[in-house]
Each structure stands twice: as C-alpha cells, then as structure tokens.
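Engineer: What follows is a single structure, and I will ask about it in a moment.
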Amino acid sequence: MYGFGAMIEQLKKNPKTIVFTEGEDARILEAASRLLSGNFLKPILVGDPEKIRAAAEKEGYNIRGAEIIDPQHYDDYDEMVSEFVELRKKKGMTEEKAREMLLHTNYFGTMLVKMGKADCLLGGATYSTADTVRPALQIIKTKPGSSIVSSCFILVRPSATGDNEVLAMGDCAINIMPSEDDLVEICGEMVKCAKVFGIDPKVAFLSFSTQGSAKDESVTKMQNACAKAKVKYPDIPIDGEMQFDAAVSPRVAQTKMPNSTVAGHANTFVFPDINAGNIGYKIAQRMGNFDAYGPILLGLNAPINDLSRGCNALEVYSMAIITAALA
C-alpha cells in the first residue's frame, strides 16, 4: 500500500493547508493537535476563536500554530462576498444573500479554498454529505473532463503475509442511480484514486449477473458501461458484468469467467447504484474487518472531502492526510 507514511513524507516536502469547517468539535481539535505535532499539515479551524480555544483547553489539546478564522470577523469578508456573488450571479445571487450564506462554515470554508487561502477542505463531522457537496459543486465545481462528482472508499485490512490488503469501492455515497456514462466516469476517477494508494487497479463492474446469466435492465446497464469503459481506458484491466464472488474468488472465476484476467483478482469495484455500494462497503467494514477511508470525493477542481458524522478523531486525522495528499 502507498500508505500514510509515504503520504506524510510527501507532505513534509510540500506542506499543505487544510480547512476544518467544524473547529469547535472535539474530534477535529484532537486531530488538529496531532497534525500540528507532526509539522506537515497546517490546519485552519473555522469558528468562534474563544469557543475553539476553550474547547481545546478543556480537552487538553494543543492547537498552537493552527489558524482560527471566525466568519463573523474575517478581514477579507467583503472580498469573499464579492467573489461569491460573481460566481453565483447567473443563479440570482445577491450581496445580501451571499453575506448570509457565507456565515455558514461549510460555505465559508469552501470559499477559503476557492480564494487560494487553503489547499483543501474536510467537513461533515456534524452535518450531512449533501452539506459538504453542495457548496463544493457551487463554488469549486467539477474539473475539466468531469461532468459529475462521485466518491470512492478505500478499504484496508492487514493480511497474513504482513502486507495490507487494499481495495477501492465506488460510488458508495453520492450518485444514487448512475447512468452508463456516469459509471464510466466513476471508473476512471476511481482508478486514479486507487493508484494514489498503491493499488494496481483491476476493475470489476458488479452485478447480480455474470456474463448475462440473468436478464434485467440493470444488468444491461452494467454490461454497456463496462464495454464503454474498456474502450475509454484500454490500458486498464476492466471486466464485467460479474457477481462479487466471481470478482474475488479465483475458484469461482474459473467456473464463471475462465478467460478473464480480472475475475478472481479484482481490487477496484464499480457498483451499479448507491444501494449496492453503500451496503457493500459497510459489510466489508463491519464484518470483514476492513478499515474504511472515505467517502473520498472525486471529480472536483480541488480536494474537498466529507466525514461520517459517526467518525472518531483517528478517522479525521487519516482523512485529513488523504485529502491533503490529493492536493
């Protein structure tokens, strides 16, 4: 696995600044304290400075060196408002509305990234994925060549050989019912993300059918998406549609897809919809003893990532490193 050690070494050579939109949260403060002690990533904590310092002192977290920015008293607020109005003028944004919206830490933090005050952002410890993605789409927007934002989970489990078993799964968090073309784009973005983690991608387009063993419009969607992905990414091993057992078990693959170079050895999984993806990664996490990192948002112009509201401080720390490394 590419690993956090390698990511940290990369960041030491080229330090980044990361925005935490929930600066008063104890998990954020613990992670920020640990990041500061490593001296490879500079946190910006958004919120009321007095409340943030009081919360840190109460829990015993050293956040000296972190920048704390209060939207209510930000020196460049007028500049931020003007830029936000310009970005959203086609949607009827007014100065009054912009001033109101930018007091919300998710919008304020995203504008800090847009204005170049920070390299990346991590939020969502206390609010929904939609509240992270919405300002990212409105402000950061998708990068050239991307038409959607999607997501990937990286799952890591120690193996008997001493190496980590590392898998990529998507889209498990953003696109509810992706189209064939969406799935092709999701595949391409997942491959890039997987490589950051040292995965040599072997991509399986998953279904409840293997090579036409069942008939349904959802099966046809995965067949067509897989065929398009093979054409678009000819240098990446891609196959499907296939059931999960055919994707990961060499014995089953020999029976169901004996001529496939991916079946039985897949490590990057494209799910047909968010139901399958979300259930699938959580089964791996809870019953397969994998650590799950994500959702890692893909397709944006800058790294903006979302936390689970059930996250702990270690997960915040890990996701901060991942987010900054993607910058």
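We name chains A, B, ... following the order of the structure tokens; residues begin at 1 in each chain, and ligands are numbered from 1 as shown.
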Could you give me the residues within segment 80-132 of chain A that DSSP places in helix (DSSP H, G or I), as a PyMOL selection string?
Structural biologist: chain A and resi 80-87+89-91+95-101+105-114+129-132
Engineer: Could you pull the residues within 12 Å of Gly310 of chain A, counting only C-alpha atoms, minus those fewer than 3 positions along the same chain, as JSON, numbers by chain?
Structural biologist: {"A": [27, 124, 125, 126, 127, 128, 306, 307, 313, 314, 315, 316]}
Engineer: Could you name the residues that touch segment 168-179 of chain A at 9 Å or less, counting only C-alpha atoms, but leaving out those on the same chain fewer than 4 positions away, as number ranges by chain?
Structural biologist: A: 129-130, 133, 148-155, 183-184, 186-187, 190-191, 193-194, 199, 201, 221, 225, 267-281, 295, 297
Engineer: Convert the current residue selection to file output with N, CA, C and O atoms, as a compact mmCIF listing (two decimals), in the first residue's frame.
Structural biologist:
# COMPACT_ATOMS: atom_id res chain seq x y z
N THR A 129 -23.49 14.77 4.16
CA THR A 129 -22.68 14.77 2.94
C THR A 129 -23.17 15.84 1.98
O THR A 129 -22.37 16.54 1.35
N ALA A 130 -24.49 15.98 1.86
CA ALA A 130 -25.04 16.98 0.94
C ALA A 130 -24.58 18.38 1.29
O ALA A 130 -24.33 19.21 0.40
N VAL A 133 -21.08 18.60 -0.15
CA VAL A 133 -21.01 18.53 -1.62
C VAL A 133 -21.63 19.75 -2.27
O VAL A 133 -21.12 20.27 -3.27
N ILE A 148 -19.56 14.93 -13.37
CA ILE A 148 -20.21 14.64 -12.09
C ILE A 148 -19.17 14.60 -10.97
O ILE A 148 -17.97 14.46 -11.22
N VAL A 149 -19.66 14.73 -9.76
CA VAL A 149 -18.85 14.41 -8.57
C VAL A 149 -19.26 13.01 -8.14
O VAL A 149 -20.45 12.67 -8.11
N SER A 150 -18.28 12.19 -7.84
CA SER A 150 -18.56 10.84 -7.37
C SER A 150 -17.72 10.58 -6.12
O SER A 150 -17.10 11.50 -5.58
N SER A 151 -17.71 9.35 -5.66
CA SER A 151 -16.96 9.06 -4.44
C SER A 151 -16.35 7.67 -4.48
O SER A 151 -16.80 6.79 -5.23
N CYS A 152 -15.33 7.51 -3.66
CA CYS A 152 -14.63 6.24 -3.56
C CYS A 152 -14.31 5.98 -2.09
O CYS A 152 -13.97 6.91 -1.36
N PHE A 153 -14.47 4.75 -1.66
CA PHE A 153 -13.97 4.33 -0.35
C PHE A 153 -12.74 3.45 -0.56
O PHE A 153 -12.74 2.58 -1.44
N ILE A 154 -11.71 3.70 0.21
CA ILE A 154 -10.54 2.84 0.24
C ILE A 154 -10.66 1.96 1.48
O ILE A 154 -10.81 2.47 2.60
N LEU A 155 -10.61 0.66 1.28
CA LEU A 155 -10.72 -0.29 2.38
C LEU A 155 -9.39 -0.99 2.59
O LEU A 155 -8.78 -1.48 1.63
N LEU A 183 -21.15 5.80 -14.83
CA LEU A 183 -20.35 4.69 -14.33
C LEU A 183 -18.98 4.64 -14.99
O LEU A 183 -17.97 4.30 -14.34
N VAL A 184 -18.91 5.01 -16.27
CA VAL A 184 -17.62 5.06 -16.96
C VAL A 184 -16.74 6.13 -16.32
O VAL A 184 -15.55 5.92 -16.07
N ILE A 186 -17.06 7.37 -13.25
CA ILE A 186 -16.74 6.89 -11.90
C ILE A 186 -15.56 5.91 -11.95
O ILE A 186 -14.63 5.99 -11.14
N CYS A 187 -15.58 5.02 -12.92
CA CYS A 187 -14.49 4.05 -13.10
C CYS A 187 -13.15 4.77 -13.28
O CYS A 187 -12.17 4.45 -12.60
N MET A 190 -12.04 6.52 -10.07
CA MET A 190 -11.64 5.54 -9.05
C MET A 190 -10.26 4.96 -9.34
O MET A 190 -9.47 4.71 -8.42
N VAL A 191 -9.97 4.72 -10.60
CA VAL A 191 -8.66 4.19 -10.98
C VAL A 191 -7.55 5.15 -10.55
O VAL A 191 -6.53 4.74 -9.97
N CYS A 193 -7.71 7.40 -8.15
CA CYS A 193 -7.66 7.40 -6.68
C CYS A 193 -6.98 6.14 -6.16
O CYS A 193 -6.14 6.20 -5.26
N ALA A 194 -7.32 5.00 -6.74
CA ALA A 194 -6.73 3.74 -6.30
C ALA A 194 -5.22 3.76 -6.43
O ALA A 194 -4.48 3.27 -5.56
N ILE A 199 -2.64 0.85 -5.25
CA ILE A 199 -3.39 -0.24 -5.86
C ILE A 199 -3.08 -0.28 -7.36
O ILE A 199 -3.11 0.76 -8.02
N PRO A 201 -4.85 -1.16 -10.32
CA PRO A 201 -6.29 -1.42 -10.45
C PRO A 201 -6.64 -2.55 -11.41
O PRO A 201 -6.17 -2.60 -12.54
N LYS A 221 -27.30 -2.30 -18.16
CA LYS A 221 -26.57 -1.07 -17.84
C LYS A 221 -25.12 -1.36 -17.50
O LYS A 221 -24.20 -0.70 -18.01
N ALA A 225 -21.91 -0.21 -19.69
CA ALA A 225 -20.94 0.67 -19.03
C ALA A 225 -19.55 0.05 -19.06
O ALA A 225 -18.55 0.72 -19.33
N ASN A 267 -9.72 -5.72 -7.53
CA ASN A 267 -9.46 -4.94 -6.32
C ASN A 267 -10.11 -3.55 -6.38
O ASN A 267 -10.01 -2.77 -5.43
N THR A 268 -10.76 -3.26 -7.49
CA THR A 268 -11.44 -1.97 -7.67
C THR A 268 -12.84 -2.29 -8.19
O THR A 268 -12.98 -2.89 -9.26
N PHE A 269 -13.86 -1.89 -7.43
CA PHE A 269 -15.21 -2.37 -7.69
C PHE A 269 -16.15 -1.22 -8.02
O PHE A 269 -16.31 -0.28 -7.23
N VAL A 270 -16.78 -1.30 -9.19
CA VAL A 270 -17.78 -0.32 -9.60
C VAL A 270 -19.16 -0.92 -9.35
O VAL A 270 -19.52 -1.95 -9.95
N PHE A 271 -19.92 -0.30 -8.46
CA PHE A 271 -21.25 -0.79 -8.10
C PHE A 271 -22.31 -0.19 -9.02
O PHE A 271 -22.16 0.94 -9.50
N PRO A 272 -23.43 -0.89 -9.22
CA PRO A 272 -24.46 -0.39 -10.14
C PRO A 272 -25.23 0.81 -9.61
O PRO A 272 -25.75 1.61 -10.39
N ASP A 273 -25.32 0.94 -8.28
CA ASP A 273 -26.05 2.07 -7.69
C ASP A 273 -25.62 2.25 -6.25
O ASP A 273 -24.84 1.45 -5.70
N ILE A 274 -26.13 3.31 -5.63
CA ILE A 274 -25.67 3.65 -4.28
C ILE A 274 -26.15 2.64 -3.24
O ILE A 274 -25.48 2.43 -2.23
N ASN A 275 -27.30 2.00 -3.48
CA ASN A 275 -27.76 0.97 -2.55
C ASN A 275 -26.72 -0.13 -2.43
O ASN A 275 -26.28 -0.48 -1.33
N ALA A 276 -26.33 -0.70 -3.57
CA ALA A 276 -25.35 -1.79 -3.56
C ALA A 276 -24.02 -1.32 -2.99
O ALA A 276 -23.40 -2.02 -2.17
N GLY A 277 -23.57 -0.14 -3.41
CA GLY A 277 -22.27 0.36 -2.98
C GLY A 277 -22.20 0.63 -1.49
O GLY A 277 -21.24 0.23 -0.81
N ASN A 278 -23.21 1.32 -0.97
CA ASN A 278 -23.19 1.68 0.44
C ASN A 278 -23.30 0.44 1.32
O ASN A 278 -22.58 0.31 2.32
N ILE A 279 -24.19 -0.47 0.95
CA ILE A 279 -24.33 -1.72 1.71
C ILE A 279 -23.05 -2.54 1.61
O ILE A 279 -22.55 -3.08 2.60
N GLY A 280 -22.48 -2.60 0.41
CA GLY A 280 -21.30 -3.43 0.19
C GLY A 280 -20.10 -2.99 1.00
O GLY A 280 -19.44 -3.82 1.65
N TYR A 281 -19.80 -1.69 0.99
CA TYR A 281 -18.59 -1.27 1.72
C TYR A 281 -18.80 -1.40 3.23
O TYR A 281 -17.85 -1.72 3.97
N PRO A 295 -16.13 8.92 2.56
CA PRO A 295 -16.02 8.95 1.11
C PRO A 295 -15.00 9.98 0.63
O PRO A 295 -14.98 11.11 1.09
N LEU A 297 -14.14 12.29 -2.23
CA LEU A 297 -14.89 12.88 -3.33
C LEU A 297 -14.00 13.02 -4.56
O LEU A 297 -12.85 13.46 -4.46
Engineer: Determine, counting only C-alpha atoms, which protein, DNA and RNA residues have an atom within 8 Å of an atom of segment 28-30 of chain A; residues of the same chain fewer than 5 positions away are not included. Present the result as a PyMOL selection string.
Structural biologist: chain A and resi 20+22-23+56+61+63+313+316
Engineer: List the neighbours of segment 67-78 of chain A out to 10 Å using only C-alpha atoms; skip same-chain residues closer than 3 positions along the sequence, and give me the result as a PyMOL selection string.
Structural biologist: chain A and resi 17+19-21+23+42-50+52-53+63-64+81-84+95+99+102-105+108-109
Engineer: So the first atom is atom CA of Asp291 of chain A and the second is atom CA of Asp163 of chain A; what is the distance between them in Å, to one decimal place?
Structural biologist: 14.2 Å
Engineer: Looking at only C-alpha atoms, which of A:Thr132, A:Ser147, A:Asn224, A:Asn305 is the one that sits closest to Asp119 of chain A?
Structural biologist: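 Comparing A:Thr132, A:Ser147, A:Asn224, A:Asn305 against Asp119 of chain A, the winner is A:Asn305.
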Engineer: If DSSP is run on the backbone, what residues of segment 88-299 of chain A are strand (DSSP E or B)? A reply as a PyMOL selection string would be ideal.
Structural biologist: chain A and resi 120-123+142+150-158+164-170+203-206+238-242+268-270+291-298
Engineer: Between A:Lys215, A:Lys58, A:Arg286, A:Lys12, which one has atoms that come closest to Leu36 of chain A, using only C-alpha atoms?
Structural biologist: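 Closest residue, counting only C-alpha atoms: A:Lys12.
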Engineer: Would you kindly return, as a ChimeraX atom specification, each protein, DNA or RNA residue with an atom no farther than 10 Å from any atom of Lys232 of chain A, considering only C-alpha atoms and excluding same-chain residues fewer than 4 positions away?
Structural biologist: /A:184-185,188,226-228,236
Engineer: What is the atom CA of Leu298 of chain A to atom CA of Asp235 of chain A distance in Å?
Structural biologist: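 Between these atoms lies a distance of 20.6 Å.
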Engineer: Find the residues near segment 246-260 of chain A: any atom within 9 Å, counting only C-alpha atoms, skip ones fewer than 2 places away on the same chain, and give them as a list in words.
Structural biologist: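 So the residues in contact are Val203, Ala204, Phe205, Leu206, Thr210, Gln211, Asp239, Gly240, Met242, Gln243, Phe244, Val262, Ala263, Gly264, His265, Ala266, Asn267 and Phe269 of chain A.
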Engineer: Take the residues from that selection and write them out as a tab-separated table (two decimals), in the first residue's frame, keeping C-alpha atoms.
Structural biologist:
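This is the output file again.tsv:
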chain	number	residue	atom	x	y	z
A	203	VAL	CA	-11.69	-3.18	-12.18
A	204	ALA	CA	-14.86	-5.26	-11.83
A	205	PHE	CA	-18.24	-3.89	-12.92
A	206	LEU	CA	-20.50	-5.64	-10.40
A	210	THR	CA	-22.23	-12.80	-14.51
A	211	GLN	CA	-21.82	-12.56	-18.27
A	239	ASP	CA	-14.22	-6.69	-16.93
A	240	GLY	CA	-17.87	-7.34	-16.22
A	242	MET	CA	-19.87	-10.06	-12.85
A	243	GLN	CA	-21.09	-11.15	-9.44
A	244	PHE	CA	-18.93	-10.36	-6.43
A	262	VAL	CA	-9.79	-9.55	-13.82
A	263	ALA	CA	-12.22	-12.13	-12.41
A	264	GLY	CA	-10.90	-13.69	-9.22
A	265	HIS	CA	-8.37	-10.91	-8.74
A	266	ALA	CA	-10.42	-7.68	-8.78
A	267	ASN	CA	-9.46	-4.94	-6.32
A	269	PHE	CA	-15.21	-2.37	-7.69
Engineer: Name the closest residue to Asp25 of chain A among the candidates A:Val156, A:Ile283, A:Leu167, A:Cys311; distances are taken between atoms, counting only C-alpha atoms.
Structural biologist: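 Between A:Val156, A:Ile283, A:Leu167, A:Cys311, the residue approaching Asp25 of chain A most closely is A:Cys311.
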Engineer: Counting only C-alpha atoms, which residue out of A:Val85, A:Val166, A:Gln138, A:Ser207 sits closest to Lys195 of chain A?
Structural biologist: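 Residue with the minimum atom-to-atom distance to Lys195 of chain A: A:Val166.
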Engineer: Nearest residue to Glu57 of chain A out of A:Ser33, A:Asn106, A:Ser209, A:Gln223, using only C-alpha atoms?
Structural biologist: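 Closest to Glu57 of chain A, using only C-alpha atoms: A:Ser33.
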